[in-house]
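S.K.: Pasting in a structure now, in structure tokens, and then I'll have a few things to ask.
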Amino acid sequence: MRQAASQLDPGTIQQILATVRCLPRPALEGFTKAFRKRFQVPEEAASIAYRICQRRHHDWIETFLVSHR
């Protein structure tokens, strides 16, 4: 049950993706690089979007965005 509780609903995922995609190019590249490093996403993965699916991703992204304003 705990596993299901940590999953994000589709609306929240879409909101996160919309916010991230609005970042200026250098900030978006920095975000992508930092997310890959933090969550061990391989470089050969073409996109990180499908990897954003858990509460811990949401929390990390919120912290990243606040600290990079």
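Following the order of the structure tokens, chains are lettered A, B, ..., residues in each are numbered from 1, and ligands are numbered from 1.
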Give me, as a PyMOL selection string, the residues of segment 7-66 of chain A that a backbone DSSP run labels helix (DSSP H, G or I).

M.R.: chain A and resi 10-21+25-38+49-51+55-66

S.K.: Can you pull out every residue within 12 Å of segment 33-35 of chain A, counting only C-alpha atoms, but drop anything in the same chain fewer than 6 positions away, and send it as a list in words?

M.R.: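 Within the cut-off, the hits are Val20, Pro26, Ala27, Val41, Pro42, Glu43, Ala45, Ser47, Ile48, Ala49, Arg51, Ile52, Arg56, His57, His58, Asp59, Trp60, Ile61, Glu62, Thr63, Phe64, Leu65 and His68 of chain A.
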
S.K.: Let's have the selection written as a compact mmCIF listing (two decimals), in the first residue's frame, with N, CA and C atoms.

M.R.:
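Okay, out_22.txt is ready:
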```
# COMPACT_ATOMS: atom_id res chain seq x y z
N VAL A 20 8.28 22.43 -15.83
CA VAL A 20 9.68 22.20 -16.19
C VAL A 20 9.94 22.62 -17.64
N PRO A 26 18.98 27.04 -20.57
CA PRO A 26 20.08 26.66 -19.67
C PRO A 26 19.58 26.04 -18.35
N ALA A 27 18.48 26.56 -17.83
CA ALA A 27 17.91 26.02 -16.59
C ALA A 27 17.33 24.63 -16.82
N VAL A 41 19.36 8.18 -13.74
CA VAL A 41 18.76 7.93 -15.06
C VAL A 41 19.92 7.86 -16.06
N PRO A 42 20.04 6.77 -16.79
CA PRO A 42 21.15 6.62 -17.72
C PRO A 42 21.14 7.68 -18.82
N GLU A 43 22.32 8.06 -19.27
CA GLU A 43 22.44 9.05 -20.34
C GLU A 43 21.76 8.61 -21.63
N ALA A 45 19.00 7.20 -21.95
CA ALA A 45 17.55 7.43 -21.90
C ALA A 45 17.27 8.77 -22.60
N SER A 47 14.69 10.63 -22.74
CA SER A 47 13.87 11.59 -22.00
C SER A 47 13.78 11.17 -20.53
N ILE A 48 13.61 12.17 -19.67
CA ILE A 48 13.39 11.85 -18.26
C ILE A 48 11.92 11.97 -17.89
N ALA A 49 11.10 12.46 -18.81
CA ALA A 49 9.69 12.74 -18.49
C ALA A 49 8.97 11.52 -17.91
N ARG A 51 10.15 9.22 -16.26
CA ARG A 51 10.74 8.84 -14.97
C ARG A 51 10.15 9.65 -13.81
N ILE A 52 9.45 10.71 -14.12
CA ILE A 52 8.84 11.56 -13.08
C ILE A 52 7.48 10.97 -12.75
N ARG A 56 8.67 11.35 -4.36
CA ARG A 56 10.04 11.81 -4.11
C ARG A 56 10.58 12.63 -5.28
N HIS A 57 10.15 12.32 -6.50
CA HIS A 57 10.54 13.12 -7.66
C HIS A 57 9.91 14.51 -7.55
N HIS A 58 8.62 14.54 -7.23
CA HIS A 58 7.90 15.81 -7.06
C HIS A 58 8.59 16.68 -6.02
N ASP A 59 8.90 16.09 -4.88
CA ASP A 59 9.52 16.87 -3.80
C ASP A 59 10.88 17.40 -4.20
N TRP A 60 11.68 16.58 -4.89
CA TRP A 60 12.99 17.02 -5.34
C TRP A 60 12.86 18.14 -6.37
N ILE A 61 11.93 18.00 -7.30
CA ILE A 61 11.73 19.01 -8.34
C ILE A 61 11.29 20.33 -7.72
N GLU A 62 10.36 20.28 -6.76
CA GLU A 62 9.92 21.51 -6.08
C GLU A 62 11.11 22.21 -5.42
N THR A 63 11.94 21.45 -4.73
CA THR A 63 13.12 22.02 -4.07
C THR A 63 14.08 22.59 -5.10
N PHE A 64 14.32 21.89 -6.19
CA PHE A 64 15.20 22.35 -7.26
C PHE A 64 14.69 23.68 -7.83
N LEU A 65 13.41 23.74 -8.14
CA LEU A 65 12.84 24.95 -8.74
C LEU A 65 12.95 26.15 -7.81
N HIS A 68 16.52 27.47 -7.61
CA HIS A 68 17.09 28.00 -8.86
C HIS A 68 16.27 29.16 -9.45
```

S.K.: One decimal, Å: what's the distance from atom CA of Gln7 of chain A over to atom CA of Gln54 of chain A, could you say?

M.R.: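 About the pair atom CA of Gln7 of chain A and atom CA of Gln54 of chain A: they are 4.4 Å apart.
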
S.K.: Report, in Å to a single decimal, how far apart atom CA of Ser6 of chain A and atom CA of Ala46 of chain A are.

M.R.: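 Rounded to one decimal, the two atoms are 24.5 Å apart.
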
S.K.: Which residue, A:Arg36, A:Thr12, A:Ala18, A:Phe31, has the smallest gap to Ser67 of chain A when you use only C-alpha atoms?

M.R.: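 Among the listed residues, A:Phe31 lies closest to Ser67 of chain A.
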
S.K.: Any idea what the distance is between atom CA of Leu28 of chain A and atom CA of Gln15 of chain A?

M.R.: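 These atoms are spaced 15.5 Å apart.
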